[in-house]
$ cat input-v7.txt   # compact mmCIF, C-alpha atoms and all ligand atoms
# COMPACT_ATOMS: atom_id res chain seq x y z
CA MET A 1 6.33 -18.02 4.41
CA ASN A 2 8.79 -15.76 2.57
CA ILE A 3 7.18 -12.32 2.70
CA LEU A 4 8.18 -9.09 0.92
CA LEU A 5 7.24 -5.84 2.70
CA THR A 6 7.41 -2.81 0.41
CA GLY A 7 7.98 0.33 2.49
CA GLY A 8 9.26 -2.10 5.12
CA THR A 9 11.39 0.36 7.13
CA GLY A 10 8.46 2.74 7.51
CA TYR A 11 6.26 3.17 10.59
CA ILE A 12 3.70 0.42 9.99
CA GLY A 13 5.98 -1.72 7.82
CA SER A 14 8.66 -2.02 10.51
CA HIS A 15 6.14 -2.99 13.22
CA THR A 16 4.60 -5.58 10.89
CA ALA A 17 8.07 -6.94 10.09
CA VAL A 18 8.68 -7.53 13.81
CA VAL A 19 5.37 -9.35 14.30
CA LEU A 20 5.89 -11.57 11.22
CA ALA A 21 9.54 -12.39 11.97
CA GLN A 22 8.66 -13.27 15.57
CA ALA A 23 6.03 -15.64 14.16
CA GLY A 24 8.78 -17.42 12.18
CA HIS A 25 8.29 -15.95 8.71
CA GLN A 26 11.25 -15.01 6.48
CA ILE A 27 11.11 -11.26 5.81
CA VAL A 28 12.49 -9.09 2.98
CA LEU A 29 12.16 -5.31 3.28
CA LEU A 30 12.17 -3.10 0.17
CA ASP A 31 12.38 0.62 0.81
CA ASN A 32 13.70 3.73 -0.98
CA LEU A 33 14.29 5.40 2.42
CA SER A 34 12.45 8.56 1.27
CA ASN A 35 10.53 8.73 4.55
CA SER A 36 12.36 6.34 6.86
CA ASP A 37 15.86 5.74 8.14
CA ILE A 38 18.11 2.71 7.57
CA SER A 39 18.73 2.60 11.35
CA VAL A 40 15.25 1.01 11.68
CA LEU A 41 16.64 -2.17 10.05
CA ALA A 42 19.11 -2.85 12.85
CA ARG A 43 16.37 -2.26 15.45
CA VAL A 44 14.01 -4.70 13.72
CA LYS A 45 16.82 -7.27 13.61
CA ALA A 46 17.57 -6.70 17.30
CA LEU A 47 13.93 -7.13 18.24
CA THR A 48 13.48 -10.31 16.22
CA ARG A 49 16.96 -11.87 16.48
CA SER A 50 16.45 -13.07 12.93
CA HIS A 51 17.88 -12.37 9.51
CA ILE A 52 15.91 -9.60 7.83
CA ALA A 53 16.94 -9.01 4.20
CA PHE A 54 16.91 -5.42 3.02
CA VAL A 55 16.79 -4.07 -0.55
CA HIS A 56 17.33 -0.35 -1.07
CA GLY A 57 15.04 0.43 -3.99
CA ASP A 58 11.80 1.84 -5.31
CA VAL A 59 8.64 -0.17 -5.85
CA ARG A 60 8.23 1.58 -9.23
CA ASN A 61 11.35 -0.26 -10.47
CA GLN A 62 9.51 -3.26 -11.92
CA GLU A 63 12.67 -5.14 -12.89
CA LEU A 64 14.15 -4.77 -9.42
CA VAL A 65 10.94 -5.92 -7.73
CA HIS A 66 10.73 -8.94 -10.07
CA LYS A 67 14.34 -9.85 -9.21
CA VAL A 68 13.62 -9.57 -5.47
CA LEU A 69 10.54 -11.77 -5.80
CA MET A 70 12.52 -14.45 -7.66
CA ASP A 71 15.78 -14.27 -5.68
CA HIS A 72 14.02 -14.57 -2.32
CA HIS A 73 11.36 -17.07 -3.44
CA ILE A 74 8.65 -14.72 -2.17
CA ASP A 75 5.27 -16.30 -1.34
CA ALA A 76 3.34 -13.12 -0.45
CA VAL A 77 3.69 -9.34 -0.54
CA ILE A 78 2.47 -6.69 1.92
CA HIS A 79 2.44 -3.35 0.12
CA PHE A 80 3.07 -0.40 2.45
CA ALA A 81 5.22 1.79 0.18
CA GLY A 82 3.46 5.07 -0.59
CA VAL A 83 2.90 8.68 0.41
CA LYS A 84 0.13 9.59 2.85
CA ALA A 85 -0.18 13.26 3.77
CA VAL A 86 -3.62 14.60 2.86
CA GLY A 87 -2.58 18.26 2.68
CA GLU A 88 0.54 17.49 0.63
CA SER A 89 -1.53 15.42 -1.80
CA VAL A 90 -3.67 18.48 -2.62
CA GLU A 91 -0.50 20.38 -3.58
CA GLN A 92 1.24 17.46 -5.38
CA PRO A 93 -1.46 15.22 -6.96
CA LEU A 94 0.76 13.89 -9.77
CA ARG A 95 3.39 12.72 -7.25
CA TYR A 96 0.69 10.94 -5.24
CA TYR A 97 -0.73 9.15 -8.28
CA ASP A 98 2.73 8.28 -9.60
CA ILE A 99 3.88 6.74 -6.30
CA ASN A 100 0.67 5.27 -4.91
CA VAL A 101 -1.06 4.16 -8.12
CA GLY A 102 1.96 3.84 -10.46
CA GLY A 103 3.96 2.09 -7.77
CA THR A 104 1.22 -0.46 -7.17
CA LEU A 105 0.77 -1.07 -10.91
CA SER A 106 4.49 -1.73 -11.25
CA LEU A 107 4.41 -4.08 -8.27
CA LEU A 108 1.45 -6.04 -9.63
CA LYS A 109 3.11 -6.55 -13.02
CA ALA A 110 6.28 -7.78 -11.33
CA MET A 111 4.22 -10.12 -9.12
CA ARG A 112 2.30 -11.55 -12.08
CA HIS A 113 5.57 -12.10 -13.97
CA ALA A 114 7.03 -13.89 -10.94
CA ARG A 115 3.74 -15.78 -10.41
CA VAL A 116 3.29 -14.41 -6.89
CA PHE A 117 -0.43 -13.85 -6.37
CA THR A 118 -0.89 -13.17 -2.64
CA LEU A 119 -1.11 -9.49 -1.69
CA VAL A 120 -2.10 -7.48 1.38
CA PHE A 121 -2.65 -3.82 0.52
CA SER A 122 -2.29 -0.93 2.98
CA SER A 123 -5.43 1.11 2.35
CA SER A 124 -7.05 3.80 4.48
CA SER A 125 -10.33 4.89 6.06
CA THR A 126 -9.85 8.06 4.01
CA VAL A 127 -11.52 6.23 1.10
CA TYR A 128 -14.85 6.69 2.95
CA GLY A 129 -14.69 10.49 2.84
CA ASN A 130 -17.21 12.29 5.07
CA PRO A 131 -19.18 9.55 6.88
CA GLN A 132 -22.83 9.15 5.87
CA TYR A 133 -23.40 6.93 8.92
CA LEU A 134 -21.44 5.73 11.93
CA PRO A 135 -19.82 3.43 12.80
CA ILE A 136 -18.41 3.03 9.29
CA ASP A 137 -18.64 -0.52 7.92
CA GLU A 138 -16.97 -1.87 4.77
CA ASP A 139 -20.16 -1.36 2.73
CA HIS A 140 -20.15 2.40 3.43
CA PRO A 141 -19.92 4.38 0.17
CA THR A 142 -16.39 5.34 -0.87
CA ARG A 143 -16.19 9.00 -1.77
CA CYS A 144 -12.84 10.71 -1.43
CA THR A 145 -12.23 14.36 -0.69
CA ASN A 146 -8.53 14.59 -1.59
CA PRO A 147 -5.94 13.14 -4.02
CA TYR A 148 -4.40 10.96 -1.30
CA GLY A 149 -7.70 9.22 -0.61
CA ARG A 150 -8.47 8.97 -4.32
CA SER A 151 -5.08 7.38 -4.98
CA LYS A 152 -5.91 4.70 -2.40
CA LEU A 153 -9.37 4.21 -3.88
CA HIS A 154 -7.99 3.93 -7.43
CA VAL A 155 -5.65 1.19 -6.23
CA GLU A 156 -8.55 -0.60 -4.53
CA GLU A 157 -10.53 -0.47 -7.79
CA MET A 158 -7.52 -1.71 -9.79
CA LEU A 159 -7.14 -4.65 -7.39
CA ALA A 160 -10.86 -5.47 -7.59
CA ASP A 161 -10.66 -5.58 -11.41
CA LEU A 162 -7.56 -7.79 -11.24
CA ALA A 163 -9.16 -10.20 -8.77
CA ALA A 164 -12.24 -10.43 -11.00
CA ALA A 165 -10.14 -11.11 -14.10
CA ASP A 166 -7.72 -13.68 -12.69
CA PRO A 167 -8.75 -16.16 -9.96
CA HIS A 168 -5.11 -16.89 -9.13
CA TRP A 169 -5.01 -13.71 -7.01
CA ARG A 170 -5.64 -13.66 -3.26
CA ILE A 171 -5.90 -9.99 -2.19
CA ALA A 172 -6.80 -8.34 1.15
CA LEU A 173 -7.51 -4.59 1.28
CA LEU A 174 -6.93 -3.31 4.83
CA ARG A 175 -8.56 0.06 5.55
CA TYR A 176 -6.65 1.57 8.49
CA PHE A 177 -8.26 4.12 10.76
CA ASN A 178 -5.75 6.18 12.79
CA PRO A 179 -2.59 4.20 13.63
CA ILE A 180 -0.64 5.55 16.63
CA GLY A 181 1.73 4.29 19.33
CA ALA A 182 4.95 2.29 19.15
CA HIS A 183 6.49 -1.09 19.92
CA ASP A 184 6.65 -1.72 23.70
CA SER A 185 10.46 -1.84 23.55
CA GLY A 186 10.61 1.85 22.61
CA LEU A 187 13.06 0.90 19.83
CA ILE A 188 10.75 1.59 16.88
CA GLY A 189 7.89 4.03 16.48
CA GLU A 190 6.61 6.99 14.48
CA ASP A 191 9.28 9.59 13.82
CA PRO A 192 8.43 11.57 10.67
CA ASN A 193 11.28 13.48 9.04
CA ASP A 194 9.47 16.83 9.10
CA ILE A 195 7.08 18.55 11.51
CA PRO A 196 4.27 15.99 11.99
CA ASN A 197 0.93 16.51 10.27
CA ASN A 198 -0.72 13.93 12.51
CA LEU A 199 -1.97 14.59 16.04
CA VAL A 200 -0.11 12.08 18.22
CA PRO A 201 3.43 12.47 16.84
CA TYR A 202 2.91 16.24 17.18
CA ILE A 203 1.75 15.91 20.81
CA ALA A 204 4.72 13.61 21.53
CA ARG A 205 7.15 16.27 20.36
CA VAL A 206 5.38 18.92 22.46
CA ALA A 207 5.71 16.61 25.48
CA ALA A 208 9.43 16.18 24.68
CA GLY A 209 9.89 19.96 24.46
CA LYS A 210 10.75 19.77 20.73
CA LEU A 211 7.61 21.75 19.78
CA GLU A 212 6.10 24.53 21.88
CA CYS A 213 2.36 24.26 21.68
CA LEU A 214 -0.32 22.08 20.06
CA ARG A 215 -2.83 23.76 17.75
CA VAL A 216 -6.23 22.16 18.20
CA PHE A 217 -7.82 22.49 14.78
CA GLY A 218 -11.31 23.63 15.75
CA ASN A 219 -13.52 23.11 18.82
CA ASP A 220 -16.83 23.87 17.13
CA TYR A 221 -17.50 20.44 15.59
CA PRO A 222 -20.75 18.59 16.45
CA THR A 223 -18.90 16.32 18.92
CA PRO A 224 -19.10 16.00 22.75
CA ASP A 225 -16.32 18.52 23.40
CA GLY A 226 -16.31 20.21 19.98
CA THR A 227 -13.00 18.72 18.81
CA GLY A 228 -12.49 16.07 16.12
CA VAL A 229 -13.20 12.44 16.98
CA ARG A 230 -11.15 9.60 15.46
CA ASP A 231 -10.66 5.84 15.84
CA TYR A 232 -7.09 5.48 17.09
CA ILE A 233 -5.58 2.00 16.78
CA HIS A 234 -2.30 0.78 18.29
CA VAL A 235 0.26 0.14 15.55
CA VAL A 236 1.07 -3.31 17.02
CA ASP A 237 -2.63 -4.24 16.89
CA LEU A 238 -2.53 -3.10 13.28
CA ALA A 239 0.58 -5.21 12.58
CA GLU A 240 -1.12 -8.27 14.07
CA GLY A 241 -4.10 -7.57 11.83
CA HIS A 242 -1.82 -7.89 8.79
CA MET A 243 -0.61 -11.29 9.94
CA ALA A 244 -4.19 -12.42 10.51
CA ALA A 245 -5.12 -11.24 7.00
CA LEU A 246 -2.18 -13.14 5.45
CA GLN A 247 -3.18 -16.31 7.29
CA ALA A 248 -6.77 -15.93 6.09
CA LEU A 249 -5.65 -15.53 2.47
CA ALA A 250 -3.83 -18.84 2.68
CA ARG A 251 -7.09 -20.66 3.45
CA THR A 252 -9.62 -18.92 1.20
CA ASN A 253 -10.64 -19.45 -2.43
CA GLN A 254 -12.11 -15.95 -2.71
CA SER A 255 -9.90 -13.52 -4.64
CA LEU A 256 -10.70 -10.24 -2.88
CA HIS A 257 -11.35 -9.29 0.76
CA VAL A 258 -11.92 -5.86 2.36
CA TYR A 259 -11.46 -5.23 6.08
CA ASN A 260 -11.62 -2.21 8.37
CA LEU A 261 -8.79 -2.20 10.89
CA GLY A 262 -9.96 0.01 13.74
CA THR A 263 -11.12 -0.35 17.35
CA GLY A 264 -14.73 0.83 16.91
CA GLN A 265 -14.10 3.46 19.63
CA GLY A 266 -13.73 7.18 18.86
CA TYR A 267 -11.76 9.65 20.95
CA SER A 268 -11.67 13.46 20.66
CA VAL A 269 -8.53 15.55 20.31
CA LEU A 270 -8.84 16.76 23.92
CA GLU A 271 -9.34 13.21 25.20
CA VAL A 272 -6.11 12.21 23.45
CA VAL A 273 -4.31 15.22 24.94
CA ARG A 274 -5.44 14.21 28.43
CA ALA A 275 -4.48 10.57 27.88
CA PHE A 276 -1.03 11.61 26.67
CA GLU A 277 -0.55 13.91 29.70
CA GLN A 278 -1.38 10.98 32.00
CA ALA A 279 0.96 8.67 30.10
CA SER A 280 3.89 11.09 29.98
CA GLY A 281 3.43 13.07 33.18
CA LYS A 282 3.91 16.17 31.00
CA THR A 283 1.54 19.09 30.45
CA ILE A 284 0.62 19.59 26.80
CA PRO A 285 0.03 23.30 26.17
CA TYR A 286 -2.47 23.93 23.37
CA HIS A 287 -4.57 26.65 21.86
CA ILE A 288 -7.68 26.47 19.72
CA ALA A 289 -6.88 27.21 16.08
CA PRO A 290 -9.19 27.40 13.04
CA ARG A 291 -10.45 24.15 11.55
CA ARG A 292 -8.00 22.40 9.16
CA ALA A 293 -9.17 22.25 5.52
CA GLY A 294 -10.48 18.80 4.59
CA ASP A 295 -11.03 17.63 8.17
CA ILE A 296 -14.24 15.82 9.13
CA ALA A 297 -15.92 15.89 12.54
CA THR A 298 -16.15 12.21 13.46
CA CYS A 299 -14.83 8.94 12.09
CA TYR A 300 -14.72 5.51 13.72
CA ALA A 301 -14.94 1.92 12.47
CA GLN A 302 -17.38 -0.91 12.53
CA ALA A 303 -14.66 -3.55 13.06
CA ALA A 304 -16.88 -6.65 13.32
CA ARG A 305 -15.99 -8.17 9.93
CA ALA A 306 -12.26 -8.47 10.71
CA GLU A 307 -13.10 -10.04 14.06
CA ALA A 308 -15.45 -12.58 12.50
CA ALA A 309 -13.38 -13.41 9.41
CA LEU A 310 -9.83 -13.02 10.73
CA GLY A 311 -10.28 -13.80 14.40
CA TRP A 312 -8.56 -10.45 14.99
CA LYS A 313 -9.67 -7.65 17.32
CA ALA A 314 -7.72 -4.64 18.54
CA GLN A 315 -6.65 -5.29 22.15
CA ARG A 316 -4.72 -2.22 23.27
CA THR A 317 -6.22 0.85 24.96
CA LEU A 318 -5.70 4.55 24.30
CA GLN A 319 -3.54 4.60 27.45
CA ASP A 320 -1.37 1.81 25.98
CA MET A 321 -1.06 3.76 22.74
CA CYS A 322 -0.02 7.00 24.45
CA ALA A 323 2.36 5.29 26.89
CA SER A 324 4.16 3.46 24.06
CA ALA A 325 4.32 6.61 21.92
CA TRP A 326 5.82 8.53 24.84
CA LYS A 327 8.36 5.78 25.65
CA PHE A 328 9.57 5.87 22.02
CA GLN A 329 9.69 9.66 21.90
CA ALA A 330 11.59 9.80 25.21
CA SER A 331 14.13 7.30 23.78
CA LEU A 332 14.74 9.68 20.87
CA VAL A 333 15.50 12.54 23.25
CA LEU A 334 18.21 10.36 24.83
CA GLU A 335 19.86 9.74 21.43
C1 LIG A 401 -6.61 13.65 13.90
C2 LIG A 401 -7.42 14.73 14.61
C3 LIG A 401 -7.34 16.87 13.49
C4 LIG A 401 -3.04 17.55 14.18
C5 LIG A 401 -4.88 11.22 8.65
C6 LIG A 401 -5.07 10.72 7.25
C7 LIG A 401 -5.50 9.28 7.31
C8 LIG A 401 -4.51 8.47 8.12
C9 LIG A 401 -4.30 9.07 9.50
C10 LIG A 401 -3.04 7.42 6.49
C11 LIG A 401 -8.21 15.62 13.64
C12 LIG A 401 -6.68 16.96 14.86
C13 LIG A 401 -4.31 16.99 14.14
C14 LIG A 401 -2.82 18.72 14.93
C15 LIG A 401 -5.14 18.73 15.61
N1 LIG A 401 -3.25 8.35 7.45
N2 LIG A 401 -5.33 17.58 14.85
N3 LIG A 401 -3.89 19.27 15.62
O1 LIG A 401 -6.55 13.62 9.64
O2 LIG A 401 -7.77 11.86 11.04
O3 LIG A 401 -6.11 11.14 9.34
O4 LIG A 401 -3.91 10.43 9.30
O5 LIG A 401 -3.72 6.53 6.15
O6 LIG A 401 -5.58 8.78 6.01
O7 LIG A 401 -6.08 11.46 6.66
O8 LIG A 401 -5.32 12.25 11.39
O9 LIG A 401 -3.79 12.81 13.22
O10 LIG A 401 -3.94 14.39 11.21
O11 LIG A 401 -5.85 14.28 12.87
O12 LIG A 401 -6.08 19.24 16.24
O13 LIG A 401 -1.68 19.29 15.00
O14 LIG A 401 -6.51 15.61 15.28
O15 LIG A 401 -8.12 18.04 13.24
O16 LIG A 401 -9.44 15.97 14.29
P1 LIG A 401 -6.53 12.32 10.35
P2 LIG A 401 -4.62 13.46 12.17
$ encode --input "input-v7.txt" --output "structure tokens"
Amino acid sequence: MNILLTGGTGYIGSHTAVVLAQAGHQIVLLDNLSNSDISVLARVKALTRSHIAFVHGDVRNQELVHKVLMDHHIDAVIHFAGVKAVGESVEQPLRYYDINVGGTLSLLKAMRHARVFTLVFSSSSTVYGNPQYLPIDEDHPTRCTNPYGRSKLHVEEMLADLAAADPHWRIALLRYFNPIGAHDSGLIGEDPNDIPNNLVPYIARVAAGKLECLRVFGNDYPTPDGTGVRDYIHVVDLAEGHMAALQALARTNQSLHVYNLGTGQGYSVLEVVRAFEQASGKTIPYHIAPRRAGDIATCYAQAARAEAALGWKAQRTLQDMCASAWKFQASLVLE
């Protein structure tokens, strides 16, 4: 298939591009490079030894997206482009709705005009808000606690309305839990432009000596060691989940599908610290800091539906995730 990846040079987009190209698909990446670097393109090409088309542009440019869809005879779109920092979304709600909701609306209109009706959407476990039960399955109530999560939920609702109105559409909503790690080659990984908000990229920079000390946001949660528990999933497992979802859309006559992409296993902050120390051979200094606003105690997935419907299940361990994240980080130090 000819597949367009919006946000394709980003962390999850670039890993998905590698998996799809290695499976023989023709890939087009659209990215405005606001939170990724053009150097990722050459690395994806090196890893796949295939032609990867790149368009420098914004998903909100409906005319541009329509032209890309037509010029490249696109069969399906995976929509990664968006902004995803919870704290930032509280300070900049309009920017989050403009990019995440407005950007998706623009993409959908361009797709309809080009008569491209297959879409995989990058959603998030954040749409569940504070869990009412665990593990979280896809029928868990959606109740967001921040503009980022609400922007994802608004898009999900928009897509559900579209699928109900027009049976041409084949849409998969993928609710990610906590993606971490990097491609085994160490060539691509998570390298945010600013100081990382997320745990593992922050730990990786502490291990590399780029940051001094990890703040553990609270150790008084109702969890085994008092620190936050999350469902960490290897980014390559996640990328493979996208390919499985695309393949499932090609053989279904149902317009809308929702899947959790997680491992079903939760790990605490301190368990991740220890795993990263084992993987890197480095000591991670940390101190206990106050809880972070908006954080929840525990979150992990019921991942059975994706396994049953897509034949996909996360394979990689926390040790794999930390070892790959460290290998990528160490490669950056050498640059
Ligand atoms: C994980 C745990 C923190 C940093 C967010 C988004 C979510 C998804 C993944 C996009 C928590 C603790 C963190 C630090 C710490 N992104 N922590 N010190 O908040 O679970 O999820 O990223 O889809 O939508 O909400 O991930 O990595 O920020 O935090 O102690 O410096 O690590 O308190 O318990 P989170 P995270």
$ residues_around --input "input-v7.txt" --residues "Pro201 (chain A)" --least-positions-apart "4" --cutoff "7 Å" --atoms "all atoms listed in the file" --output "list in words"
Glu190, Pro196 and Arg205 of chain A
$ closest_residue --input "input-v7.txt" --among "A:Thr104, A:Asn2, A:Gln265, A:Ser255" --to "Ser122 (chain A)" --atoms "only C-alpha atoms"
A:Thr104
$ closest_residue --input "input-v7.txt" --among "A:Leu332, A:Ile180, A:Ala248, A:Leu310" --to "ligand LIG 401 (chain A)" --atoms "all atoms listed in the file"
A:Ile180
$ closest_residue --input "input-v7.txt" --among "A:His183, A:Lys282, A:His242, A:His287" --to "Gly218 (chain A)" --atoms "all atoms listed in the file"
A:His287
$ closest_residue --input "input-v7.txt" --among "A:Leu270, A:Ala275, A:Ile74, A:Ile99" --to "ligand LIG 401 (chain A)" --atoms "only C-alpha atoms and all ligand atoms"
A:Leu270
$ residues_near_ligand --input "input-v7.txt" --ligand "ligand LIG 401 (chain A)" --cutoff "7 Å" --atoms "only C-alpha atoms and all ligand atoms" --output "VMD selection string"
chain A and resid 84 to 86 123 to 126 149 176 to 179 197 to 200 202 214 to 218 227 to 230 269 291 to 292 295 297
$ closest_residue --input "input-v7.txt" --among "A:Arg115, A:His25, A:Arg305, A:Lys313" --to "Ile136 (chain A)" --atoms "all atoms listed in the file"
A:Arg305
